[in-house]
Amino acid sequence: MKYIILNIESWQIMITFNDVSKVYPNGTKGLNHINLTINEGELVVIVGLSGAGKSTLLRSINRLIDISEGDIQINGQSITSASGAKLRRIRRGIGMIFQSFNLVKRSTVMRNVLSGRVGHHSTLRTVFGMFPKEDHELALDALARVNLQEKAYSRADQLSGGQQQRVSIARALAQQPQIILADEPVASLDPLTTRQVMDDLQRINQELQITTIINLHFIDLAREYATRIIGLRAGEIVFDGTPEEATDDVFSHIYGRPIHRDEVLGANAPGEDIVTVIPDAADIKATSGEPL
Ligand SMILES: Nc1ncnc2c1ncn2[C@@H]1O[C@H](COP(=O)(O)OP(=O)(O)OP(=O)(O)O)[C@@H](O)[C@H]1O
């Protein structure tokens, strides 16, 4: 199949967290002094127990959550201090995928994908659904990348969960993003569909060099798809390394307890521990070779 090459404006994208903390109004610390650099084209998977701060970290990148301290830069520009047109421009380059798909269910697939273009046009134009022909071509191209071209004129609620998630990936792609953030994108899907969605995200990352950051709770998926794994615990980075370095012992360290079978997608007997030893932090090496 012939694809229109999406127009990637920059090849130097980097996300930088400079001493970032987030304290929620009730006093809960979501992130605690995070320093982090993510390079163009990486597929980063963020892992950690529920409440570790994965969503807070991900959503602070496009300022769905405002941080309390520090600075986040996207391609050298501070999103933390941006406002108005500048904030909208930075956000336009960041596609977002949610666990619950967030589609307009009664609209067609095409309309949903076209909504990824709203940041590129005036409000009036998009309210009346007046998208130019090029946007339709872009939307069809995005649908082709997730193999859903033939569903373009179906209603979104007639699609399976996995297909709906792939429509939401196409919607993000229609934005022509430089970054894709996916917050637990497969948490509501069955194992087979999960792999299709992860395959799509990986293929798009590789073909278009879109920097991709995904929160996941399945250990084997993280190892299989990530180019880099970041482990969070209590709002702090406790591991940052390659999938090869992220052994079962490392995961036990990130979680602060043994791994459970239901945290491995390929496992079929939920509930039991598959690792019994929690290693000391000193045994866990970061990419730098330093213990975290
Ligand atoms: N709006 C909020 N108000 C107060 N505390 C919050 C809020 N959102 C998150 N928190 C708290 O901040 C911490 C980090 O939450 P976050 O949702 O980022 O974790 P997570 O790792 O994504 O967890 P999960 O996998 O359950 O989504 C948790 O202690 C959580 O209870």
# chains A, B, ... in the order shown; residues from 1 in each chain; ligands from 1
>>> closest_atom_pairs(of="chain A", to="ligand 1", cutoff="6 Å", atoms="only C-alpha atoms and all ligand atoms", output="JSON lines")
{"residue": "A:Tyr24", "atom": "CA", "partner": "ligand 1", "partner_atom_place_in_ligand_line": "4 (C)", "distance": 4.9}
{"residue": "A:Asn26", "atom": "CA", "partner": "ligand 1", "partner_atom_place_in_ligand_line": "4 (C)", "distance": 5.7}
{"residue": "A:Thr28", "atom": "CA", "partner": "ligand 1", "partner_atom_place_in_ligand_line": "5 (N)", "distance": 5.3}
{"residue": "A:Lys29", "atom": "CA", "partner": "ligand 1", "partner_atom_place_in_ligand_line": "12 (O)", "distance": 5.9}
{"residue": "A:Gly30", "atom": "CA", "partner": "ligand 1", "partner_atom_place_in_ligand_line": "12 (O)", "distance": 4.0}
{"residue": "A:Gly48", "atom": "CA", "partner": "ligand 1", "partner_atom_place_in_ligand_line": "21 (O)", "distance": 6.0}
{"residue": "A:Leu49", "atom": "CA", "partner": "ligand 1", "partner_atom_place_in_ligand_line": "21 (O)", "distance": 5.8}
{"residue": "A:Ser50", "atom": "CA", "partner": "ligand 1", "partner_atom_place_in_ligand_line": "26 (O)", "distance": 3.5}
{"residue": "A:Gly51", "atom": "CA", "partner": "ligand 1", "partner_atom_place_in_ligand_line": "19 (O)", "distance": 3.4}
{"residue": "A:Ala52", "atom": "CA", "partner": "ligand 1", "partner_atom_place_in_ligand_line": "21 (O)", "distance": 3.8}
{"residue": "A:Gly53", "atom": "CA", "partner": "ligand 1", "partner_atom_place_in_ligand_line": "18 (O)", "distance": 3.2}
{"residue": "A:Lys54", "atom": "CA", "partner": "ligand 1", "partner_atom_place_in_ligand_line": "21 (O)", "distance": 3.8}
{"residue": "A:Ser55", "atom": "CA", "partner": "ligand 1", "partner_atom_place_in_ligand_line": "22 (O)", "distance": 3.6}
{"residue": "A:Thr56", "atom": "CA", "partner": "ligand 1", "partner_atom_place_in_ligand_line": "18 (O)", "distance": 3.7}
>>> closest_atom_pairs(of="segment 10-91 of chain A", to="segment 180-198 of chain A", cutoff="10 Å", atoms="only C-alpha atoms", output="JSON lines")
{"residue": "A:Leu43", "atom": "CA", "partner": "A:Ile180", "partner_atom": "CA", "distance": 9.5}
{"residue": "A:Val44", "atom": "CA", "partner": "A:Leu181", "partner_atom": "CA", "distance": 9.7}
{"residue": "A:Val45", "atom": "CA", "partner": "A:Ala182", "partner_atom": "CA", "distance": 9.4}
{"residue": "A:Ile46", "atom": "CA", "partner": "A:Asp183", "partner_atom": "CA", "distance": 9.5}
{"residue": "A:Lys54", "atom": "CA", "partner": "A:Asp183", "partner_atom": "CA", "distance": 8.3}
{"residue": "A:Ser55", "atom": "CA", "partner": "A:Asp183", "partner_atom": "CA", "distance": 6.5}
{"residue": "A:Thr56", "atom": "CA", "partner": "A:Asp183", "partner_atom": "CA", "distance": 9.9}
{"residue": "A:Leu58", "atom": "CA", "partner": "A:Leu181", "partner_atom": "CA", "distance": 6.7}
{"residue": "A:Arg59", "atom": "CA", "partner": "A:Leu181", "partner_atom": "CA", "distance": 8.1}
{"residue": "A:Ile61", "atom": "CA", "partner": "A:Leu181", "partner_atom": "CA", "distance": 8.4}
{"residue": "A:Asn62", "atom": "CA", "partner": "A:Leu181", "partner_atom": "CA", "distance": 8.6}
>>> closest_residue(among="A:Thr212, A:Asn32, A:Ser252, A:Gln176", to="Asp141 of chain A", atoms="only C-alpha atoms")
A:Gln176
>>> residues_around(residues="Arg106 of chain A", least_positions_apart="6", cutoff="8 Å", atoms="only C-alpha atoms", output="PDB file with C-alpha atoms, in the first residue's frame")
ATOM      1  CA  ARG A 155     -20.092   4.717  13.149  1.00  0.00           C
ATOM      2  CA  ALA A 156     -17.426   4.535  15.844  1.00  0.00           C
ATOM      3  CA  ASP A 157     -19.700   2.588  18.202  1.00  0.00           C
TER       4      ASP A 157
END
>>> residues_around(residues="Phe17 of chain A", least_positions_apart="2", cutoff="8 Å", atoms="only C-alpha atoms", output="PDB file with N, CA and C atoms, in the first residue's frame")
ATOM      1  N   ILE A  15      12.245  15.601  24.890  1.00  0.00           N
ATOM      2  CA  ILE A  15      11.439  16.056  26.029  1.00  0.00           C
ATOM      3  C   ILE A  15      12.387  16.110  27.216  1.00  0.00           C
ATOM      4  N   ASP A  19      14.037  18.880  37.113  1.00  0.00           N
ATOM      5  CA  ASP A  19      13.667  18.922  38.527  1.00  0.00           C
ATOM      6  C   ASP A  19      12.162  19.143  38.721  1.00  0.00           C
ATOM      7  N   VAL A  20      11.374  18.234  38.128  1.00  0.00           N
ATOM      8  CA  VAL A  20       9.917  18.410  38.114  1.00  0.00           C
ATOM      9  C   VAL A  20       9.250  17.704  39.299  1.00  0.00           C
ATOM     10  N   ILE A  34      11.808  14.989  39.404  1.00  0.00           N
ATOM     11  CA  ILE A  34      12.126  14.163  38.230  1.00  0.00           C
ATOM     12  C   ILE A  34      13.062  14.921  37.282  1.00  0.00           C
ATOM     13  N   ASN A  35      14.165  14.277  36.936  1.00  0.00           N
ATOM     14  CA  ASN A  35      15.057  14.769  35.879  1.00  0.00           C
ATOM     15  C   ASN A  35      15.112  13.691  34.803  1.00  0.00           C
ATOM     16  N   LEU A  36      14.801  14.081  33.574  1.00  0.00           N
ATOM     17  CA  LEU A  36      14.629  13.062  32.542  1.00  0.00           C
ATOM     18  C   LEU A  36      14.758  13.700  31.169  1.00  0.00           C
ATOM     19  N   THR A  37      15.426  12.989  30.270  1.00  0.00           N
ATOM     20  CA  THR A  37      15.482  13.459  28.879  1.00  0.00           C
ATOM     21  C   THR A  37      15.041  12.319  27.977  1.00  0.00           C
ATOM     22  N   GLY A  70       9.622  23.079  38.864  1.00  0.00           N
ATOM     23  CA  GLY A  70      10.488  22.618  37.777  1.00  0.00           C
ATOM     24  C   GLY A  70      10.002  23.095  36.428  1.00  0.00           C
ATOM     25  N   ASP A  71      10.532  22.475  35.373  1.00  0.00           N
ATOM     26  CA  ASP A  71      10.225  22.928  34.019  1.00  0.00           C
ATOM     27  C   ASP A  71      10.248  21.730  33.066  1.00  0.00           C
ATOM     28  N   ILE A  72       9.300  21.708  32.137  1.00  0.00           N
ATOM     29  CA  ILE A  72       9.303  20.667  31.098  1.00  0.00           C
ATOM     30  C   ILE A  72       9.465  21.358  29.747  1.00  0.00           C
ATOM     31  N   GLN A  73      10.445  20.885  28.990  1.00  0.00           N
ATOM     32  CA  GLN A  73      10.684  21.481  27.678  1.00  0.00           C
ATOM     33  C   GLN A  73      10.411  20.462  26.584  1.00  0.00           C
TER      34      GLN A  73
END
>>> select_by_dssp(residues="segment 11-254 of chain A", states="strand (DSSP E)", output="MDAnalysis selection string")
chainID A and resid 14:23 29:39 43:47 69:74 77:78 94:98 179:183 211:215 228:233 236:241
>>> decode(residues="segment 50-87 of chain A", atoms="N, CA and C atoms", output="short mmCIF file (atom, residue, chain, number, x, y, z; two decimals), in the first residue's frame")
data_model
loop_
_atom_site.label_atom_id
_atom_site.label_comp_id
_atom_site.auth_asym_id
_atom_site.auth_seq_id
_atom_site.Cartn_x
_atom_site.Cartn_y
_atom_site.Cartn_z
N SER A 50 0.20 0.83 40.62
CA SER A 50 -0.86 1.82 40.63
C SER A 50 -0.52 2.90 41.67
N GLY A 51 -0.61 4.15 41.25
CA GLY A 51 -0.31 5.25 42.18
C GLY A 51 1.15 5.69 42.15
N ALA A 52 1.97 5.03 41.32
CA ALA A 52 3.41 5.36 41.28
C ALA A 52 3.68 6.72 40.64
N GLY A 53 2.71 7.21 39.83
CA GLY A 53 2.90 8.53 39.21
C GLY A 53 2.99 8.47 37.69
N LYS A 54 2.67 7.31 37.09
CA LYS A 54 2.81 7.15 35.64
C LYS A 54 1.93 8.16 34.87
N SER A 55 0.65 8.22 35.23
CA SER A 55 -0.25 9.14 34.52
C SER A 55 0.15 10.58 34.77
N THR A 56 0.57 10.88 35.98
CA THR A 56 0.98 12.25 36.29
C THR A 56 2.16 12.65 35.41
N LEU A 57 3.12 11.74 35.27
CA LEU A 57 4.29 12.05 34.44
C LEU A 57 3.88 12.25 32.98
N LEU A 58 3.08 11.30 32.48
CA LEU A 58 2.68 11.36 31.07
C LEU A 58 1.88 12.63 30.77
N ARG A 59 0.90 12.90 31.64
CA ARG A 59 -0.02 14.02 31.39
C ARG A 59 0.61 15.38 31.66
N SER A 60 1.74 15.37 32.36
CA SER A 60 2.40 16.65 32.56
C SER A 60 3.15 17.06 31.29
N ILE A 61 3.42 16.10 30.40
CA ILE A 61 4.17 16.41 29.18
C ILE A 61 3.37 17.35 28.26
N ASN A 62 2.05 17.11 28.17
CA ASN A 62 1.24 18.02 27.33
C ASN A 62 0.40 18.97 28.18
N ARG A 63 0.73 19.03 29.44
CA ARG A 63 0.09 19.93 30.41
C ARG A 63 -1.39 19.66 30.60
N LEU A 64 -1.78 18.38 30.47
CA LEU A 64 -3.11 18.03 30.95
C LEU A 64 -3.09 18.15 32.46
N ILE A 65 -1.89 18.00 33.02
CA ILE A 65 -1.68 18.25 34.45
C ILE A 65 -0.59 19.32 34.57
N ASP A 66 -0.86 20.33 35.38
CA ASP A 66 0.14 21.38 35.62
C ASP A 66 1.07 20.94 36.74
N ILE A 67 2.36 21.06 36.51
CA ILE A 67 3.32 20.66 37.54
C ILE A 67 3.43 21.78 38.61
N SER A 68 3.96 21.41 39.78
CA SER A 68 4.07 22.40 40.86
C SER A 68 5.43 23.07 40.88
N GLU A 69 6.44 22.36 40.39
CA GLU A 69 7.82 22.85 40.48
C GLU A 69 8.61 22.34 39.29
N GLY A 70 9.62 23.08 38.86
CA GLY A 70 10.49 22.62 37.78
C GLY A 70 10.00 23.09 36.43
N ASP A 71 10.53 22.48 35.37
CA ASP A 71 10.22 22.93 34.02
C ASP A 71 10.25 21.73 33.07
N ILE A 72 9.30 21.71 32.14
CA ILE A 72 9.30 20.67 31.10
C ILE A 72 9.47 21.36 29.75
N GLN A 73 10.45 20.88 28.99
CA GLN A 73 10.68 21.48 27.68
C GLN A 73 10.41 20.46 26.58
N ILE A 74 9.78 20.95 25.54
CA ILE A 74 9.53 20.14 24.36
C ILE A 74 10.34 20.76 23.23
N ASN A 75 11.31 20.02 22.76
CA ASN A 75 12.15 20.54 21.68
C ASN A 75 12.72 21.92 22.03
N GLY A 76 13.18 22.04 23.26
CA GLY A 76 13.83 23.29 23.69
C GLY A 76 12.88 24.40 24.11
N GLN A 77 11.57 24.15 24.00
CA GLN A 77 10.61 25.20 24.37
C GLN A 77 9.87 24.79 25.64
N SER A 78 9.78 25.69 26.58
CA SER A 78 9.13 25.37 27.86
C SER A 78 7.62 25.31 27.67
N ILE A 79 7.03 24.12 27.89
CA ILE A 79 5.56 24.04 27.87
C ILE A 79 5.02 24.52 29.21
N THR A 80 5.86 24.46 30.23
CA THR A 80 5.44 24.87 31.58
C THR A 80 5.08 26.35 31.60
N SER A 81 5.86 27.16 30.89
CA SER A 81 5.59 28.60 30.96
C SER A 81 4.83 29.10 29.73
N ALA A 82 4.50 28.20 28.80
CA ALA A 82 3.81 28.64 27.58
C ALA A 82 2.34 28.94 27.87
N SER A 83 1.78 29.87 27.10
CA SER A 83 0.34 30.12 27.19
C SER A 83 -0.18 30.51 25.81
N GLY A 84 -1.48 30.63 25.70
CA GLY A 84 -2.12 31.10 24.47
C GLY A 84 -1.70 30.32 23.23
N ALA A 85 -1.36 31.07 22.17
CA ALA A 85 -1.07 30.44 20.89
C ALA A 85 0.16 29.54 20.96
N LYS A 86 1.13 29.92 21.79
CA LYS A 86 2.35 29.11 21.89
C LYS A 86 2.03 27.75 22.52
N LEU A 87 1.22 27.77 23.57
CA LEU A 87 0.83 26.51 24.22
C LEU A 87 0.05 25.63 23.23
#
